[in-house]
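Okay, entry31.txt is below, compact mmCIF, C-alpha atoms:
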# COMPACT_ATOMS: atom_id res chain seq x y z
CA MET G 734 -65.02 -57.77 10.48
CA PRO G 735 -61.96 -56.99 12.64
CA ASP G 736 -59.85 -59.32 10.47
CA ARG G 737 -60.92 -57.45 7.36
CA THR G 738 -60.05 -54.09 8.93
CA VAL G 739 -56.63 -55.38 9.92
CA ARG G 740 -56.03 -56.63 6.39
CA ILE G 741 -57.02 -53.27 4.94
CA VAL G 742 -54.71 -51.42 7.31
CA LEU G 743 -51.81 -53.76 6.58
CA ALA G 744 -52.39 -53.39 2.86
CA ALA G 745 -52.38 -49.61 3.17
CA VAL G 746 -49.15 -49.72 5.19
CA LEU G 747 -47.53 -51.94 2.58
CA VAL G 748 -48.59 -49.58 -0.22
CA LEU G 749 -47.20 -46.57 1.64
CA LEU G 750 -43.96 -48.43 2.36
CA ALA G 751 -43.65 -49.39 -1.30
CA LEU G 752 -44.24 -45.80 -2.35
CA TYR G 753 -41.62 -44.61 0.16
CA VAL G 754 -39.04 -47.06 -1.16
CA ALA G 755 -39.86 -46.32 -4.80
CA GLN G 756 -40.00 -42.51 -4.39
CA PRO G 757 -36.31 -41.78 -5.20
CA TYR G 758 -36.46 -43.97 -8.29
CA VAL G 759 -39.69 -42.42 -9.51
CA GLN G 760 -38.34 -38.92 -8.80
CA ALA G 761 -35.12 -39.65 -10.70
CA LEU G 762 -37.12 -41.09 -13.60
CA LEU G 763 -39.50 -38.16 -13.86
CA TYR G 764 -37.35 -35.16 -12.91
CA ALA G 765 -33.69 -35.94 -13.73
CA ALA G 766 -32.10 -33.11 -15.76
CA GLU G 767 -30.36 -35.14 -18.43
CA THR G 768 -29.99 -32.17 -20.78
CA PRO G 769 -28.59 -28.69 -20.13
CA ARG G 770 -31.01 -26.64 -18.08
CA ALA G 771 -32.50 -23.42 -19.36
CA VAL G 772 -30.76 -20.29 -18.15
CA THR G 773 -32.86 -18.12 -15.85
CA ALA G 774 -32.74 -14.48 -16.78
CA ARG G 775 -30.85 -12.59 -14.09
CA GLY G 776 -32.06 -9.10 -14.67
CA ASP G 777 -29.93 -6.01 -14.22
CA LEU G 778 -26.85 -6.02 -12.03
CA ALA G 779 -27.02 -3.98 -8.87
CA GLN G 780 -25.77 -0.44 -9.32
CA SER G 781 -22.84 -1.06 -6.95
CA GLU G 782 -21.84 -4.16 -8.95
CA THR G 783 -21.99 -2.26 -12.22
CA ALA G 784 -19.84 0.52 -10.80
CA THR G 785 -17.22 -1.94 -9.49
CA ILE G 786 -17.07 -3.81 -12.80
CA ALA G 787 -16.64 -0.58 -14.73
CA LEU G 788 -13.92 0.56 -12.32
CA PHE G 789 -11.96 -2.66 -12.76
CA GLU G 790 -12.33 -2.70 -16.54
CA ARG G 791 -11.12 0.90 -16.71
CA ALA G 792 -8.21 0.63 -14.28
CA SER G 793 -6.86 -2.91 -14.63
CA PRO G 794 -5.14 -2.45 -18.02
CA SER G 795 -2.86 0.11 -16.34
CA VAL G 796 -1.78 -2.32 -13.60
CA VAL G 797 1.32 -4.43 -14.29
CA HIS G 798 3.19 -7.36 -12.74
CA VAL G 799 6.78 -6.51 -11.76
CA PHE G 800 9.58 -9.12 -11.67
CA ALA G 801 12.89 -8.00 -10.16
CA GLN G 802 15.76 -10.48 -10.56
CA SER G 803 18.93 -10.07 -8.51
CA ALA G 804 22.18 -10.70 -10.37
CA ALA G 805 23.82 -14.13 -10.51
CA THR G 806 21.01 -16.15 -8.97
CA GLY G 807 20.92 -18.82 -11.64
CA ARG G 808 17.12 -18.77 -11.76
CA ASP G 809 14.59 -17.95 -14.44
CA LEU G 810 13.03 -14.54 -13.89
CA LEU G 811 9.53 -15.91 -14.40
CA ASP G 812 9.76 -19.05 -12.23
CA ALA G 813 6.23 -19.68 -11.01
CA ASP G 814 7.22 -20.55 -7.44
CA ASP G 815 8.78 -17.11 -7.02
CA GLU G 816 5.63 -15.17 -7.72
CA GLY G 817 4.13 -13.05 -5.00
CA GLY G 818 7.19 -13.06 -2.77
CA GLU G 819 10.95 -13.35 -2.65
CA GLN G 820 12.78 -16.60 -3.32
CA GLY G 821 16.04 -17.37 -5.01
CA GLY G 822 16.76 -13.70 -5.66
CA THR G 823 13.49 -12.95 -7.45
CA GLN G 824 11.13 -10.37 -5.97
CA THR G 825 7.73 -9.87 -7.52
CA GLY G 826 5.13 -7.22 -6.95
CA THR G 827 2.75 -4.86 -8.64
CA GLY G 828 3.09 -1.52 -10.40
CA PHE G 829 0.95 0.83 -12.41
CA VAL G 830 1.42 3.10 -15.40
CA TRP G 831 2.02 6.69 -14.31
CA ASP G 832 2.21 8.58 -17.62
CA GLY G 833 2.19 8.25 -21.38
CA ALA G 834 6.00 8.04 -21.48
CA GLY G 835 5.89 4.54 -19.98
CA HIS G 836 6.89 5.33 -16.41
CA VAL G 837 5.69 2.74 -13.90
CA VAL G 838 5.40 3.30 -10.15
CA THR G 839 6.05 0.49 -7.67
CA ASN G 840 7.58 0.04 -4.21
CA THR G 841 11.28 0.43 -3.51
CA HIS G 842 11.34 -2.88 -1.66
CA VAL G 843 10.14 -4.70 -4.79
CA VAL G 844 13.11 -3.65 -6.95
CA GLN G 845 15.82 -2.57 -4.51
CA ASN G 846 17.73 -5.86 -4.34
CA ALA G 847 17.85 -6.10 -8.12
CA ALA G 848 18.99 -2.48 -8.37
CA GLN G 849 21.76 -2.90 -5.80
CA SER G 850 23.08 -6.13 -7.29
CA GLY G 851 22.98 -5.03 -10.92
CA GLY G 852 20.11 -7.37 -11.70
CA SER G 853 17.24 -6.94 -14.12
CA VAL G 854 13.60 -5.90 -13.97
CA SER G 855 10.83 -7.07 -16.28
CA VAL G 856 7.17 -6.15 -16.40
CA ARG G 857 4.22 -8.21 -17.57
CA MET G 858 1.44 -6.08 -18.99
CA SER G 859 -2.26 -6.81 -18.53
CA ASP G 860 -2.44 -8.36 -22.02
CA GLY G 861 0.39 -10.79 -21.17
CA GLU G 862 3.18 -8.97 -23.02
CA VAL G 863 6.49 -9.07 -21.12
CA VAL G 864 8.84 -6.11 -21.54
CA SER G 865 12.10 -5.11 -19.94
CA ALA G 866 12.22 -2.08 -17.67
CA THR G 867 14.98 0.21 -16.46
CA LEU G 868 15.16 1.81 -13.04
CA VAL G 869 14.64 5.58 -13.12
CA GLY G 870 14.92 6.31 -9.41
CA LEU G 871 14.39 5.08 -5.86
CA ALA G 872 13.00 6.89 -2.84
CA PRO G 873 13.53 4.50 0.11
CA SER G 874 12.24 7.09 2.59
CA TYR G 875 8.84 6.77 0.91
CA ASP G 876 9.12 3.16 -0.34
CA LEU G 877 8.54 4.38 -3.89
CA ALA G 878 10.37 3.56 -7.11
CA VAL G 879 9.92 4.53 -10.74
CA LEU G 880 10.65 2.25 -13.72
CA ARG G 881 10.61 3.05 -17.43
CA LEU G 882 9.16 0.46 -19.77
CA GLY G 883 10.93 -0.65 -22.90
CA ARG G 884 9.11 -0.83 -26.21
CA VAL G 885 5.46 -1.74 -25.62
CA ALA G 886 3.04 -2.81 -28.35
CA LYS G 887 0.24 -0.73 -26.82
CA MET G 888 0.82 1.63 -23.90
CA PRO G 889 -2.05 1.50 -21.38
CA PRO G 890 -3.48 4.81 -20.19
CA PRO G 891 -2.21 6.19 -16.88
CA LEU G 892 -4.45 5.93 -13.86
CA ALA G 893 -6.51 8.94 -12.85
CA ILE G 894 -5.05 10.75 -9.85
CA GLY G 895 -7.09 11.60 -6.77
CA THR G 896 -6.15 13.28 -3.51
CA SER G 897 -5.56 11.88 -0.04
CA ALA G 898 -6.17 15.21 1.71
CA ASP G 899 -9.93 14.72 2.13
CA LEU G 900 -10.21 10.96 2.64
CA LYS G 901 -12.77 9.81 5.21
CA VAL G 902 -12.84 6.64 7.29
CA GLY G 903 -15.52 4.40 5.79
CA GLN G 904 -14.93 5.32 2.15
CA SER G 905 -14.83 2.39 -0.24
CA THR G 906 -11.42 1.22 -1.44
CA PHE G 907 -10.40 -1.01 -4.34
CA ALA G 908 -6.99 -2.68 -4.62
CA ILE G 909 -5.73 -4.25 -7.86
CA GLY G 910 -2.59 -6.34 -7.74
CA ASN G 911 -0.89 -9.70 -8.11
CA PRO G 912 -1.16 -11.47 -4.72
CA PHE G 913 0.81 -14.73 -4.72
CA GLY G 914 1.27 -14.28 -8.48
CA LEU G 915 -2.47 -14.28 -9.21
CA ASP G 916 -2.39 -11.40 -11.62
CA HIS G 917 -5.00 -8.64 -11.77
CA THR G 918 -6.82 -9.58 -8.61
CA LEU G 919 -9.41 -7.12 -7.33
CA THR G 920 -10.12 -6.81 -3.61
CA THR G 921 -12.45 -4.35 -1.97
CA GLY G 922 -12.85 -2.78 1.44
CA VAL G 923 -13.01 0.55 3.19
CA ILE G 924 -10.60 3.10 4.58
CA SER G 925 -10.10 1.84 8.13
CA ALA G 926 -8.01 4.79 9.34
CA VAL G 927 -6.05 7.76 8.06
CA ARG G 928 -2.93 9.56 9.25
CA ARG G 929 -1.21 6.37 10.35
CA ARG G 930 2.58 6.33 10.74
CA MET G 931 4.71 3.64 9.17
CA PRO G 932 8.48 2.98 9.37
CA THR G 933 10.34 2.65 6.06
CA SER G 934 13.55 0.86 5.13
CA ALA G 935 15.42 4.19 5.23
CA GLY G 936 14.99 4.35 9.00
CA ARG G 937 12.36 7.06 9.10
CA GLU G 938 8.61 7.23 9.60
CA LEU G 939 6.18 8.09 6.85
CA SER G 940 3.18 10.02 8.13
CA GLY G 941 -0.33 10.27 6.72
CA VAL G 942 -0.44 6.59 5.74
CA ILE G 943 -3.83 5.11 4.74
CA GLN G 944 -5.06 1.98 6.52
CA THR G 945 -7.51 -0.26 4.65
CA ASP G 946 -9.17 -3.62 5.20
CA ALA G 947 -9.12 -4.45 1.47
CA ALA G 948 -7.17 -7.72 1.25
CA ILE G 949 -3.47 -6.93 0.69
CA ASN G 950 -1.10 -9.91 0.35
CA PRO G 951 2.47 -10.58 -0.78
CA GLY G 952 2.56 -9.57 -4.43
CA ASN G 953 0.22 -6.58 -3.94
CA SER G 954 3.16 -4.34 -3.04
CA GLY G 955 3.37 -1.33 -5.34
CA GLY G 956 -0.16 -1.69 -6.62
CA PRO G 957 -2.82 1.02 -6.69
CA LEU G 958 -5.42 1.70 -4.03
CA LEU G 959 -8.39 3.35 -5.73
CA ASP G 960 -11.48 5.20 -4.57
CA SER G 961 -14.98 4.53 -5.88
CA ALA G 962 -14.37 6.93 -8.77
CA GLY G 963 -11.40 4.82 -9.91
CA ARG G 964 -8.88 7.49 -8.90
CA LEU G 965 -5.53 6.62 -7.35
CA ILE G 966 -5.57 7.48 -3.63
CA GLY G 967 -2.60 5.42 -2.47
CA VAL G 968 0.12 2.88 -3.27
CA ASN G 969 -0.19 -0.40 -1.36
CA THR G 970 2.99 -1.04 0.56
CA ALA G 971 2.67 -3.18 3.71
CA ILE G 972 0.45 -5.36 5.88
CA VAL G 973 0.27 -6.26 9.54
CA SER G 974 -0.18 -10.01 9.85
CA PRO G 975 1.15 -12.76 12.16
CA SER G 976 0.85 -15.25 9.28
CA GLY G 977 2.25 -13.06 6.49
CA ALA G 978 -1.09 -13.09 4.65
CA SER G 979 -3.95 -10.62 4.79
CA ALA G 980 -5.37 -9.99 8.25
CA GLY G 981 -7.45 -7.01 7.19
CA ILE G 982 -4.80 -4.45 8.09
CA GLY G 983 -3.08 -3.05 5.02
CA PHE G 984 -1.27 0.23 4.48
CA ALA G 985 -0.94 2.51 1.47
CA ILE G 986 1.31 5.49 0.80
CA PRO G 987 -1.01 8.51 0.36
CA VAL G 988 -1.31 9.75 -3.21
CA ASP G 989 -0.45 13.33 -2.30
CA VAL G 990 3.00 12.06 -1.27
CA VAL G 991 3.23 9.92 -4.41
CA ASN G 992 2.28 12.87 -6.61
CA ARG G 993 5.10 14.91 -5.10
CA VAL G 994 7.82 12.25 -5.02
CA VAL G 995 7.30 10.50 -8.38
CA PRO G 996 7.72 13.58 -10.64
CA GLU G 997 10.98 14.35 -8.83
CA LEU G 998 12.22 10.80 -9.34
CA ILE G 999 11.40 11.09 -13.04
CA ARG G 1000 13.09 14.47 -13.28
CA VAL G 1001 16.33 13.90 -11.31
CA GLY G 1002 16.35 10.23 -10.29
CA ARG G 1003 16.23 10.95 -6.57
CA VAL G 1004 14.13 12.83 -4.06
CA ARG G 1005 15.43 15.95 -2.46
CA ASN G 1006 14.46 15.52 1.16
CA PRO G 1007 13.56 18.71 2.97
CA GLY G 1008 15.28 18.76 6.33
CA ILE G 1009 17.08 20.94 8.83
CA GLY G 1010 20.17 18.79 9.41
CA ILE G 1011 19.83 17.30 12.87
CA ILE G 1012 20.32 13.83 14.32
CA ALA G 1013 17.58 13.23 16.89
CA ALA G 1014 17.97 11.15 20.02
CA GLN G 1015 15.98 7.94 20.37
CA GLU G 1016 12.41 8.55 21.50
CA ALA G 1017 12.75 5.92 24.23
CA ALA G 1018 15.71 7.81 25.71
CA ALA G 1019 13.72 11.07 25.70
CA ALA G 1020 10.77 9.33 27.34
CA ARG G 1021 13.02 7.93 30.11
CA LEU G 1022 14.13 11.48 30.85
CA GLY G 1023 10.54 12.68 30.89
CA ILE G 1024 11.10 14.92 27.85
CA ASP G 1025 8.19 15.69 25.54
CA GLY G 1026 9.73 16.79 22.23
CA VAL G 1027 12.59 16.05 19.86
CA VAL G 1028 15.97 15.97 21.57
CA VAL G 1029 18.70 17.26 19.25
CA LEU G 1030 21.52 14.74 19.58
CA ARG G 1031 23.80 16.22 16.94
CA VAL G 1032 23.77 19.08 14.44
CA LEU G 1033 25.24 18.41 11.00
CA PRO G 1034 28.00 20.85 9.99
CA GLY G 1035 26.90 23.47 7.45
CA SER G 1036 23.25 22.50 7.80
CA PRO G 1037 20.34 24.91 8.34
CA ALA G 1038 20.26 23.80 11.99
CA SER G 1039 23.92 24.70 12.37
CA GLN G 1040 23.43 28.09 10.70
CA ALA G 1041 20.46 28.79 12.98
CA GLY G 1042 22.55 28.03 16.06
CA LEU G 1043 20.84 24.85 17.24
CA ARG G 1044 22.85 22.79 19.72
CA GLY G 1045 23.11 19.08 20.21
CA VAL G 1046 24.09 17.06 23.28
CA ASP G 1047 27.50 18.09 24.65
CA PRO G 1048 29.85 15.21 23.72
CA GLN G 1049 32.14 15.96 26.66
CA SER G 1050 29.71 16.38 29.54
CA GLY G 1051 26.67 14.70 28.06
CA GLY G 1052 24.67 17.78 28.89
CA LEU G 1053 21.37 18.25 27.11
CA GLY G 1054 21.27 20.71 24.23
CA ASP G 1055 18.11 21.83 22.44
CA VAL G 1056 14.70 20.18 22.58
CA ILE G 1057 12.29 21.07 19.76
CA VAL G 1058 8.76 21.31 21.17
CA ALA G 1059 6.83 23.15 18.44
CA ALA G 1060 7.00 24.05 14.75
CA ASP G 1061 4.89 26.89 13.36
CA ASP G 1062 2.87 26.83 16.59
CA ARG G 1063 2.06 23.11 16.25
CA PRO G 1064 3.25 20.90 19.12
CA ILE G 1065 6.10 18.49 18.41
CA HIS G 1066 6.08 15.34 20.53
CA ARG G 1067 8.39 13.14 18.48
CA LEU G 1068 10.50 13.08 15.35
CA ALA G 1069 7.62 11.99 13.11
CA ASP G 1070 5.75 15.18 14.05
CA LEU G 1071 8.73 17.33 13.11
CA THR G 1072 9.29 15.40 9.87
CA ALA G 1073 5.64 15.87 8.88
CA GLU G 1074 5.87 19.63 9.45
CA ILE G 1075 9.09 19.90 7.46
CA GLU G 1076 7.69 17.87 4.55
CA GLU G 1077 4.51 19.92 4.52
CA ALA G 1078 6.59 23.12 4.36
CA GLY G 1079 8.80 21.75 1.55
CA LEU G 1080 12.26 22.71 0.36
CA GLY G 1081 13.46 26.25 0.96
CA ALA G 1082 10.61 27.11 3.31
CA ALA G 1083 11.06 28.98 6.57
CA ILE G 1084 9.83 27.27 9.73
CA ASN G 1085 9.50 28.83 13.16
CA LEU G 1086 10.71 26.38 15.79
CA LYS G 1087 10.07 26.61 19.50
CA VAL G 1088 13.14 25.25 21.28
CA VAL G 1089 13.81 24.58 24.94
CA ARG G 1090 17.40 25.19 26.05
CA ASP G 1091 18.52 25.24 29.68
CA GLY G 1092 14.90 25.39 30.79
CA ARG G 1093 14.12 28.46 28.71
CA ILE G 1094 12.00 28.66 25.57
CA ARG G 1095 13.43 30.41 22.55
CA GLN G 1096 12.18 30.96 19.01
CA VAL G 1097 14.36 29.86 16.09
CA ARG G 1098 13.56 30.63 12.45
CA ILE G 1099 15.11 28.06 10.15
CA THR G 1100 14.98 27.41 6.40
CA THR G 1101 14.70 23.84 5.14
CA ALA G 1102 17.26 22.44 2.71
CA ASP G 1103 17.98 19.23 0.82
CA VAL G 1104 19.18 16.58 3.26
CA ALA G 1105 20.51 13.27 1.95
CA GLU G 1106 18.54 10.17 3.06
CA ASN G 1107 21.51 8.57 4.77
CA ARG G 1108 21.93 11.57 6.99
CA ARG G 1109 18.36 11.83 8.21

Take the structure from the file and write it as structure tokens.
Amino acid sequence: MPDRTVRIVLAAVLVLLALYVAQPYVQALLYAAETPRAVTARGDLAQSETATIALFERASPSVVHVFAQSAATGRDLLDADDEGGEQGGTQTGTGFVWDGAGHVVTNTHVVQNAAQSGGSVSVRMSDGEVVSATLVGLAPSYDLAVLRLGRVAKMPPPLAIGTSADLKVGQSTFAIGNPFGLDHTLTTGVISAVRRRMPTSAGRELSGVIQTDAAINPGNSGGPLLDSAGRLIGVNTAIVSPSGASAGIGFAIPVDVVNRVVPELIRVGRVRNPGIGIIAAQEAAAARLGIDGVVVLRVLPGSPASQAGLRGVDPQSGGLGDVIVAADDRPIHRLADLTAEIEEAGLGAAINLKVVRDGRIRQVRITTADVAENRR
């Protein structure tokens, strides 16, 4: 009896072992999908997905790829290894259609080298058509430039314009551009911060800059930053990144600045910069002296500051002149504060400055005027 039980157990073990070994082969024989599988119905897209798709389909035709070729480089304007950066004299970036006349907005730093060297600019439309473009105007103080397209088979509609005055941290953002030459790439994120300050190539700070975590990479420069309604709220311009690629910190020029600067570039080819005609001392030097405010280093002859009687540092003795500490009752701690107040006031506006001279506070009423960028 025990021998029979052992034989039964051994037989059962052998059967189980055989089934274990044969299982993959049986499974492959019975269940292998040797023909295309049936598609499972997905159902409706989520409302957020539908909204994002509609936004991209509406806005992307108005976004273009900009190629700026410096003169005498000996390279093809559309060399693939140049896309999304700057190599061999070719700078590429993004732009977008501003109006029905074919004006395109991009960044100054995308086209500046080509403009200064007498090079050429071409634009690839969303449908693949490549057209030449001419430079209408540059505004280095705002890192904005305007191009005019040549003859286009079908002009895309201009983007809808929003406002940057009421943006809130946490709002959704959508960036469309050509990172690393990958045209019409959509990235999404949120507004990470508002009212940032950013230096520009013209040696001044731009205030009110939008910070976003939507992926911005080389090649996105000059492209639109949109809100969830598909309206333009900023122009992507810079990133902070140790590697040069997206680190989740991107910056965009606020649309309210764009909407003021671009029409002037179209109209006269340059931006009249409201100013008062002073050269300010370095902020570090003021901080070392324990001064909170803008130290007037020099007053430009014939400027509003000169007419109002402002004084700079005495060139003979080195004695301190005027320190601007408030404008229209708002405190001024550094030059960017004063610049923001002047820009908000605009050209030809009167500003009441609070100035410290020889330890005494005095009020100065001054009218802004056009100040050339190289004198700011």

Taking 3 positions as the minimum chain separation for residues in the same chain, which residues sit within 10 Å of Ile909 in chain G when counting all atoms listed in the file? Answer as a ChimeraX atom specification. /G:789,792-793,795-797,827-829,912,916-921,947-949,953,955-959,969

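Taking all atoms listed in the file into account, those protein, DNA and RNA residues with any atom at most 8 Å away from (15.9, 15.5, 9.5) amount to Pro1007, Gly1008, Ile1009, Gly1010, Ile1011, Ile1012, Ala1013, Thr1072, Val1104, Arg1108 and Arg1109 of chain G.
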
What separation in Å, quoted to one decimal, exists between CA of Glu1077 in chain G and CA of Ser897 in chain G? 13.7 Å

Can you tell me how far CA of Val854 in chain G sits from CA of Ile894 in chain G, in Å to one decimal?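 For CA of Val854 in chain G relative to CA of Ile894 in chain G, the distance reads 25.3 Å.
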
Point-to-point distance from CA of Asp946 in chain G to CA of Phe913 in chain G, Å rounded to tenths: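 Answer for the CA of Asp946 in chain G to CA of Phe913 in chain G separation: 17.9 Å.
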
Selection near Lys901 in chain G, 12 Å with all atoms listed in the file, sequence-local residues under 3 positions removed, as a ChimeraX atom specification: /G:896-898,904-906,923-928,943-945,960,966

Rank G:Ser961, G:Gln824, G:Ser1036, G:Asn1085 by their smallest atom-to-atom distance to Leu900 in chain G, using all atoms listed in the file, and report the top residue only.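 Distance minimum relative to Leu900 in chain G lands on G:Ser961.
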
Between G:Thr773, G:Val856, G:Asp876, G:Arg1067, single out the one closest to Ala1017 in chain G, counting all atoms listed in the file.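 Among the listed residues, the smallest separation from Ala1017 in chain G belongs to G:Arg1067.
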
Val864 in chain G proximity check over G:Ala893, G:Phe800, G:Thr841, G:Gly1051, using only C-alpha atoms: winner is G:Phe800

Skip Ser853 in chain G itself and residues of its chain fewer than 6 positions away, then list as a VMD selection string all residues within 7 Å of it, counting only C-alpha atoms. chain G and resid 801 to 803 847

Within 6 Å of (-3.0, -5.1, 11.3), in the coordinates the file gives, what residues turn up when you count only C-alpha atoms, written out as a count of residues only? 3

Restricting the calculation to all atoms listed in the file: of G:Ile1024, G:Val772, G:Val844, G:Val838, which residue gets closest to Val988 in chain G?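 Result for the nearest residue to Val988 in chain G: G:Val838.
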
Which one of G:His842, G:Arg1044, G:Arg930, G:Arg964 sits closest to Arg791 in chain G if you count only C-alpha atoms?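 Selected residue with least distance to Arg791 in chain G: G:Arg964.
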